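S.K.: Data: input34.pdb, PDB, C-alpha atoms and all ligand atoms.
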```
MODEL        1
ATOM      1  CA  MET A 756     -21.884   9.414   7.584
ATOM      2  CA  GLN A 757     -23.607  10.608  10.742
ATOM      3  CA  THR A 758     -22.043   7.860  12.840
ATOM      4  CA  PHE A 759     -18.616   9.002  11.668
ATOM      5  CA  ILE A 760     -19.396  12.585  12.637
ATOM      6  CA  ASP A 761     -20.636  11.510  16.046
ATOM      7  CA  HIS A 762     -17.541   9.399  16.641
ATOM      8  CA  ALA A 763     -15.173  12.152  15.496
ATOM      9  CA  ARG A 764     -16.927  14.650  17.732
ATOM     10  CA  SER A 765     -16.144  12.622  20.833
ATOM     11  CA  PHE A 766     -12.819  11.099  19.752
ATOM     12  CA  GLY A 767     -10.487  13.519  21.508
ATOM     13  CA  ARG A 768     -12.574  13.554  24.662
ATOM     14  CA  ALA A 769     -12.100   9.894  25.494
ATOM     15  CA  ALA A 770     -10.385   9.859  28.877
ATOM     16  CA  ASP A 771      -8.140   6.902  28.093
ATOM     17  CA  ARG A 772      -6.724   8.559  24.994
ATOM     18  CA  GLY A 773      -5.507  11.898  26.296
ATOM     19  CA  ASP A 774      -1.947  11.019  27.313
ATOM     20  CA  GLU A 775      -1.253   8.992  24.196
ATOM     21  CA  LEU A 776      -2.373  11.804  21.919
ATOM     22  CA  ALA A 777      -0.604  14.547  23.904
ATOM     23  CA  ALA A 778       2.721  12.741  23.426
ATOM     24  CA  LEU A 779       2.289  13.017  19.670
ATOM     25  CA  ALA A 780       2.957  16.743  19.875
ATOM     26  CA  GLN A 781       6.645  15.814  20.288
ATOM     27  CA  GLY A 782       6.733  14.363  16.781
ATOM     28  CA  GLN A 783       6.445  11.035  15.044
ATOM     29  CA  ALA A 784       8.821   8.105  14.706
ATOM     30  CA  PRO A 785       6.957   5.576  12.584
ATOM     31  CA  GLN A 786       8.465   2.096  12.403
ATOM     32  CA  ALA A 787       7.430   1.486   8.818
ATOM     33  CA  LEU A 788       5.900   2.930   5.688
ATOM     34  CA  PHE A 789       2.819   0.954   4.698
ATOM     35  CA  ILE A 790       1.834   1.277   1.035
ATOM     36  CA  THR A 791      -1.536  -0.170   0.185
ATOM     37  CA  CYS A 792      -4.683   0.290  -1.854
ATOM     38  CA  SER A 793      -7.357   2.862  -1.077
ATOM     39  CA  ASP A 794      -9.820  -0.009  -0.648
ATOM     40  CA  SER A 795     -11.952   0.501   2.469
ATOM     41  CA  ARG A 796     -11.581  -3.152   3.468
ATOM     42  CA  VAL A 797      -7.843  -2.788   4.047
ATOM     43  CA  ILE A 798      -7.091  -1.025   7.328
ATOM     44  CA  PRO A 799      -3.321  -0.934   7.987
ATOM     45  CA  SER A 800      -3.552  -0.069  11.681
ATOM     46  CA  LEU A 801      -6.092  -2.830  12.284
ATOM     47  CA  ILE A 802      -3.957  -5.385  10.467
ATOM     48  CA  THR A 803      -0.707  -4.421  12.177
ATOM     49  CA  GLY A 804      -1.974  -3.172  15.509
ATOM     50  CA  ALA A 805      -0.092   0.087  14.984
ATOM     51  CA  ARG A 806      -0.864   2.923  17.351
ATOM     52  CA  PRO A 807      -0.891   6.613  16.353
ATOM     53  CA  GLY A 808       2.600   7.671  15.297
ATOM     54  CA  GLU A 809       3.810   4.150  14.521
ATOM     55  CA  LEU A 810       2.863   3.618  10.880
ATOM     56  CA  PHE A 811       3.384   6.040   7.981
ATOM     57  CA  GLU A 812       0.871   5.356   5.236
ATOM     58  CA  LEU A 813       0.635   5.784   1.505
ATOM     59  CA  ARG A 814      -2.617   4.741  -0.088
ATOM     60  CA  THR A 815      -3.131   4.738  -3.826
ATOM     61  CA  ALA A 816      -5.612   3.160  -6.195
ATOM     62  CA  GLY A 817      -4.314  -0.376  -6.595
ATOM     63  CA  ASN A 818      -1.323   0.263  -4.274
ATOM     64  CA  ILE A 819       0.610   1.394  -7.311
ATOM     65  CA  VAL A 820       4.045   2.908  -6.811
ATOM     66  CA  PRO A 821       4.544   5.105  -9.867
ATOM     67  CA  PRO A 822       7.889   5.019 -11.665
ATOM     68  CA  TYR A 823      10.372   7.491 -10.200
ATOM     69  CA  THR A 824      10.457  10.404 -12.635
ATOM     70  CA  PRO A 825      12.773  13.314 -11.807
ATOM     71  CA  GLY A 826      11.182  16.644 -12.669
ATOM     72  CA  HIS A 827       7.656  15.294 -12.392
ATOM     73  CA  PRO A 828       6.490  15.788  -8.809
ATOM     74  CA  SER A 829       4.205  13.167  -7.350
ATOM     75  CA  SER A 830       2.605  12.811  -3.971
ATOM     76  CA  GLU A 831       3.741   9.191  -3.898
ATOM     77  CA  ALA A 832       7.424  10.041  -4.425
ATOM     78  CA  ALA A 833       7.201  12.839  -1.866
ATOM     79  CA  THR A 834       5.680  10.533   0.740
ATOM     80  CA  ILE A 835       8.278   7.820   0.197
ATOM     81  CA  GLU A 836      11.166  10.286   0.277
ATOM     82  CA  TYR A 837       9.896  11.990   3.426
ATOM     83  CA  ALA A 838       9.466   8.675   5.205
ATOM     84  CA  ILE A 839      13.030   7.600   4.468
ATOM     85  CA  ASN A 840      15.019  10.828   4.488
ATOM     86  CA  VAL A 841      13.221  12.745   7.228
ATOM     87  CA  LEU A 842      11.527  10.176   9.440
ATOM     88  CA  GLY A 843      14.248   7.565   9.134
ATOM     89  CA  VAL A 844      11.905   4.765   8.145
ATOM     90  CA  ARG A 845      13.845   1.671   7.099
ATOM     91  CA  ASP A 846      11.016  -0.810   6.458
ATOM     92  CA  ILE A 847       8.501  -0.425   3.638
ATOM     93  CA  VAL A 848       5.555  -2.767   3.196
ATOM     94  CA  VAL A 849       3.735  -2.944  -0.112
ATOM     95  CA  CYS A 850       0.457  -4.661   0.691
ATOM     96  CA  GLY A 851      -1.831  -5.848  -2.075
ATOM     97  CA  HIS A 852      -5.144  -7.439  -1.319
ATOM     98  CA  SER A 853      -7.679  -9.955  -2.534
ATOM     99  CA  HIS A 854     -10.688  -8.779  -4.545
ATOM    100  CA  CYS A 855      -8.783  -5.667  -5.641
ATOM    101  CA  GLY A 856     -10.873  -3.684  -8.107
ATOM    102  CA  ALA A 857      -7.842  -2.065  -9.692
ATOM    103  CA  VAL A 858      -5.912  -5.259 -10.314
ATOM    104  CA  GLY A 859      -9.130  -6.998 -11.345
ATOM    105  CA  ALA A 860      -9.780  -4.297 -13.937
ATOM    106  CA  LEU A 861      -6.299  -4.790 -15.341
ATOM    107  CA  VAL A 862      -6.541  -8.558 -15.386
ATOM    108  CA  ARG A 863      -9.956  -8.578 -16.981
ATOM    109  CA  GLY A 864      -9.113  -5.773 -19.387
ATOM    110  CA  GLU A 865     -12.210  -3.846 -18.299
ATOM    111  CA  ASP A 866     -13.468  -0.854 -20.238
ATOM    112  CA  LEU A 867     -12.510   2.157 -18.112
ATOM    113  CA  THR A 868     -13.620   4.965 -20.430
ATOM    114  CA  ALA A 869     -16.155   6.124 -17.818
ATOM    115  CA  VAL A 870     -13.346   6.599 -15.293
ATOM    116  CA  PRO A 871     -10.527   8.153 -17.348
ATOM    117  CA  ALA A 872      -8.516   9.187 -14.279
ATOM    118  CA  VAL A 873      -8.548   5.600 -13.046
ATOM    119  CA  ARG A 874      -7.669   4.323 -16.510
ATOM    120  CA  ASP A 875      -4.703   6.685 -16.801
ATOM    121  CA  TRP A 876      -3.493   5.932 -13.276
ATOM    122  CA  LEU A 877      -3.625   2.186 -13.866
ATOM    123  CA  ARG A 878      -1.461   2.674 -16.937
ATOM    124  CA  HIS A 879       1.299   3.329 -14.426
ATOM    125  CA  ALA A 880       0.952  -0.327 -13.498
ATOM    126  CA  THR A 881       1.308  -1.541 -17.039
ATOM    127  CA  THR A 882       4.162   0.567 -18.333
ATOM    128  CA  ASP A 883       6.399  -2.343 -17.445
ATOM    129  CA  ASP A 884       5.786  -5.832 -18.671
ATOM    130  CA  THR A 885       3.652  -6.712 -15.668
ATOM    131  CA  GLY A 886       1.903  -9.584 -17.375
ATOM    132  CA  LEU A 887      -1.370  -8.567 -15.740
ATOM    133  CA  THR A 888      -3.580  -7.836 -18.702
ATOM    134  CA  GLY A 889      -5.338 -10.929 -19.942
ATOM    135  CA  SER A 890      -3.572 -13.172 -17.459
ATOM    136  CA  ALA A 891      -4.952 -16.555 -16.479
ATOM    137  CA  ASP A 892      -6.563 -15.276 -13.267
ATOM    138  CA  THR A 893      -9.582 -13.779 -14.982
ATOM    139  CA  ALA A 894     -12.026 -16.199 -13.359
ATOM    140  CA  ASP A 895     -10.582 -15.819  -9.863
ATOM    141  CA  PRO A 896     -12.546 -13.150  -7.967
ATOM    142  CA  ALA A 897      -9.644 -12.721  -5.581
ATOM    143  CA  VAL A 898      -7.197 -12.299  -8.502
ATOM    144  CA  GLU A 899      -4.655 -13.683  -6.061
ATOM    145  CA  ARG A 900      -1.806 -14.592  -8.362
ATOM    146  CA  ALA A 901      -2.185 -11.358 -10.294
ATOM    147  CA  VAL A 902      -2.021  -9.354  -7.062
ATOM    148  CA  HIS A 903       1.100 -11.247  -5.975
ATOM    149  CA  HIS A 904       2.771 -10.371  -9.255
ATOM    150  CA  HIS A 905       1.519  -6.798  -9.002
ATOM    151  CA  VAL A 906       2.924  -6.370  -5.483
ATOM    152  CA  LEU A 907       6.363  -7.543  -6.582
ATOM    153  CA  THR A 908       6.263  -5.115  -9.500
ATOM    154  CA  GLN A 909       5.679  -2.252  -7.071
ATOM    155  CA  VAL A 910       8.517  -3.469  -4.828
ATOM    156  CA  LEU A 911      10.794  -3.417  -7.868
ATOM    157  CA  ARG A 912       9.688   0.139  -8.609
ATOM    158  CA  LEU A 913      10.594   1.142  -5.073
ATOM    159  CA  ARG A 914      14.114  -0.145  -5.638
ATOM    160  CA  SER A 915      14.529   2.453  -8.385
ATOM    161  CA  TYR A 916      13.851   5.353  -6.008
ATOM    162  CA  PRO A 917      17.094   7.174  -5.140
ATOM    163  CA  CYS A 918      16.148   7.498  -1.464
ATOM    164  CA  VAL A 919      15.644   3.717  -1.278
ATOM    165  CA  GLN A 920      18.945   3.067  -3.030
ATOM    166  CA  ARG A 921      20.852   5.423  -0.747
ATOM    167  CA  HIS A 922      19.685   3.837   2.489
ATOM    168  CA  ASP A 923      19.516   0.342   3.872
ATOM    169  CA  VAL A 924      15.772  -0.060   3.405
ATOM    170  CA  ARG A 925      14.048  -3.408   3.867
ATOM    171  CA  LEU A 926      11.216  -3.953   1.375
ATOM    172  CA  HIS A 927       8.343  -6.290   2.234
ATOM    173  CA  GLY A 928       5.723  -7.630  -0.174
ATOM    174  CA  TRP A 929       2.476  -8.576   1.549
ATOM    175  CA  TYR A 930      -0.875  -9.929   0.419
ATOM    176  CA  TYR A 931      -3.990  -9.418   2.538
ATOM    177  CA  GLU A 932      -7.139 -11.490   2.207
ATOM    178  CA  VAL A 933     -10.085  -9.194   2.897
ATOM    179  CA  HIS A 934     -12.467 -12.069   3.558
ATOM    180  CA  THR A 935     -10.298 -13.956   6.075
ATOM    181  CA  GLY A 936      -7.894 -11.366   7.493
ATOM    182  CA  THR A 937      -4.953 -13.598   6.559
ATOM    183  CA  VAL A 938      -1.686 -11.864   5.671
ATOM    184  CA  ARG A 939       0.918 -13.565   3.507
ATOM    185  CA  ALA A 940       4.414 -12.298   2.879
ATOM    186  CA  HIS A 941       6.665 -12.841  -0.099
ATOM    187  CA  ARG A 942       9.654 -15.083   0.648
ATOM    188  CA  SER A 943      12.468 -14.305  -1.707
ATOM    189  CA  ASP A 944      14.178 -17.680  -1.175
ATOM    190  CA  THR A 945      11.186 -19.625  -2.503
ATOM    191  CA  ASP A 946       9.546 -16.778  -4.450
ATOM    192  CA  THR A 947       6.216 -17.601  -2.826
ATOM    193  CA  PHE A 948       3.725 -15.829  -0.573
ATOM    194  CA  THR A 949       3.292 -17.669   2.711
ATOM    195  CA  ALA A 950       1.551 -16.873   5.990
ATOM    196  CA  LEU A 951       3.385 -14.434   8.235
TER     197      LEU A 951
HETATM  198 ZN    ZN B1001      -7.414  -2.559  -4.268
ENDMDL
END
```
Let me see the file written as structure tokens.
Ligand code: ZN
M.R.:
Amino acid sequence: MQTFIDHARSFGRAADRGDELAALAQGQAPQALFITCSDSRVIPSLITGARPGELFELRTAGNIVPPYTPGHPSSEAATIEYAINVLGVRDIVVCGHSHCGAVGALVRGEDLTAVPAVRDWLRHATTDDTGLTGSADTADPAVERAVHHHVLTQVLRLRSYPCVQRHDVRLHGWYYEVHTGTVRAHRSDTDTFTAL
């Protein structure tokens, strides 16, 4: 932790950063909303090269987009709505990743009684017929096919959000390999994930 504190202490003082940060006082105009897992191995700005102000982020356990439920406020719905309606974002990336603990737990049907909040949150991912639980990927540590399926389920959820329906929003399904840095994108014409 100390290295983080030391870095944060000097962050704003770096001479080559002053002008870029000062301009951010005028506001933000992010080019995309990037929805991904909380996993520390997935760093959206590193993957995309986004600079401050360029990428709006939503990180959840297992990059789950909860079902849109009017009358039940959620941070996820608020973030998505703000990105589209206020910031004018028209591209949303849902990025799953290899070796995902959340998807792995679903696929392997792990006992999550010790982490009831995680268990209940992951139920959001299985309210639909996601086909994740007990799928054939159990032996695959990267749970690749399960993550692909999971990403597309979240993209479908996004389509049910009123703010997405009301605007011309482009939805992108990505898969990131934490051990190689490779990014694959879903191609709707072939229904496959291929390298960007
Ligand atoms: Zn994950």
S.K.: Could you report the residues within 9 Å of ligand ZN 1001 (chain B), using only C-alpha atoms and all ligand atoms, as a PyMOL selection string?
M.R.: chain A and resi 791-797+815-818+851-859
S.K.: Quick one: of A:Pro917, A:Gly864, A:Gly936, A:Pro785, who's nearest to Leu951 of chain A, counting all atoms listed in the file?
M.R.: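 Of A:Pro917, A:Gly864, A:Gly936, A:Pro785, the one nearest Leu951 of chain A, counting all atoms listed in the file, is A:Gly936.
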S.K.: Give the answer as one residue: which of A:Ser915, A:Thr908, A:Gln786, A:Thr881 has the shortest atom-to-atom distance to Thr824 of chain A, using only C-alpha atoms?
M.R.: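 Result for the nearest residue to Thr824 of chain A: A:Ser915.
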S.K.: Kindly give the distance, in Å, that separates atom CA of Thr834 of chain A and atom CA of Val870 of chain A, rounded to a single decimal.
M.R.: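 Atom-to-atom, atom CA of Thr834 of chain A and atom CA of Val870 of chain A are spaced 25.2 Å apart.
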S.K.: Identify which of the residues A:Pro822, A:Pro828, A:Gly773, A:Gly843 lies closest to Arg914 of chain A, counting all atoms listed in the file when measuring atom-to-atom distances.
M.R.: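 Nearest to Arg914 of chain A: A:Pro822.
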S.K.: Which is closest to Ala940 of chain A among A:Leu877, A:Ala872, A:Leu926, A:Leu842, if we use all atoms listed in the file?
M.R.: A:Leu926
S.K.: At what distance in Å, to one decimal, does atom CA of Ala838 of chain A lie from atom CA of His922 of chain A?
M.R.: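 Going from atom CA of His922 of chain A over to atom CA of Ala838 of chain A covers 11.6 Å.
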S.K.: On this file, the PyMOL selection byres (((chain A and resi 929) around 7) and not hetatm) gives some set of residues; write that set as a PyMOL selection string.
M.R.: chain A and resi 848-851+927-928+930-931+938-941
S.K.: For the PyMOL selection byres (((chain A and resi 836) around 12) and not hetatm), applied here, can you spell out every residue it catches as a compact mmCIF listing (two decimals) with C-alpha atoms, in the coordinates of the input?
M.R.:
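Listed below is the output, selection39.txt:
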```
# COMPACT_ATOMS: atom_id res chain seq x y z
CA LEU A 788 5.90 2.93 5.69
CA PHE A 811 3.38 6.04 7.98
CA LEU A 813 0.64 5.78 1.50
CA TYR A 823 10.37 7.49 -10.20
CA PRO A 828 6.49 15.79 -8.81
CA SER A 829 4.20 13.17 -7.35
CA SER A 830 2.60 12.81 -3.97
CA GLU A 831 3.74 9.19 -3.90
CA ALA A 832 7.42 10.04 -4.42
CA ALA A 833 7.20 12.84 -1.87
CA THR A 834 5.68 10.53 0.74
CA ILE A 835 8.28 7.82 0.20
CA TYR A 837 9.90 11.99 3.43
CA ALA A 838 9.47 8.68 5.20
CA ILE A 839 13.03 7.60 4.47
CA ASN A 840 15.02 10.83 4.49
CA VAL A 841 13.22 12.74 7.23
CA LEU A 842 11.53 10.18 9.44
CA GLY A 843 14.25 7.56 9.13
CA VAL A 844 11.90 4.76 8.14
CA ARG A 845 13.84 1.67 7.10
CA ILE A 847 8.50 -0.42 3.64
CA LEU A 913 10.59 1.14 -5.07
CA TYR A 916 13.85 5.35 -6.01
CA PRO A 917 17.09 7.17 -5.14
CA CYS A 918 16.15 7.50 -1.46
CA VAL A 919 15.64 3.72 -1.28
CA GLN A 920 18.94 3.07 -3.03
CA ARG A 921 20.85 5.42 -0.75
CA HIS A 922 19.68 3.84 2.49
CA VAL A 924 15.77 -0.06 3.40
```
S.K.: Looking at A:Leu907, A:Leu867, A:Val820, A:Ile798, which one is nearest to Glu932 of chain A, with distances taken over only C-alpha atoms?
M.R.: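 Of all the options, A:Ile798 lies closest to Glu932 of chain A.
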S.K.: Quick one, how far is atom CA of Leu801 of chain A from atom CA of His879 of chain A?
M.R.: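 Computed distance, atom CA of Leu801 of chain A to atom CA of His879 of chain A, equals 28.4 Å.
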S.K.: For the structure provided, state which residues fall under the PyMOL selection byres (((chain A and resi 808) around 12) and not hetatm), and present them as JSON, numbers by chain.
M.R.: {"A": [775, 776, 777, 778, 779, 780, 781, 782, 783, 784, 785, 786, 787, 788, 800, 804, 805, 806, 807, 809, 810, 811, 812, 842]}
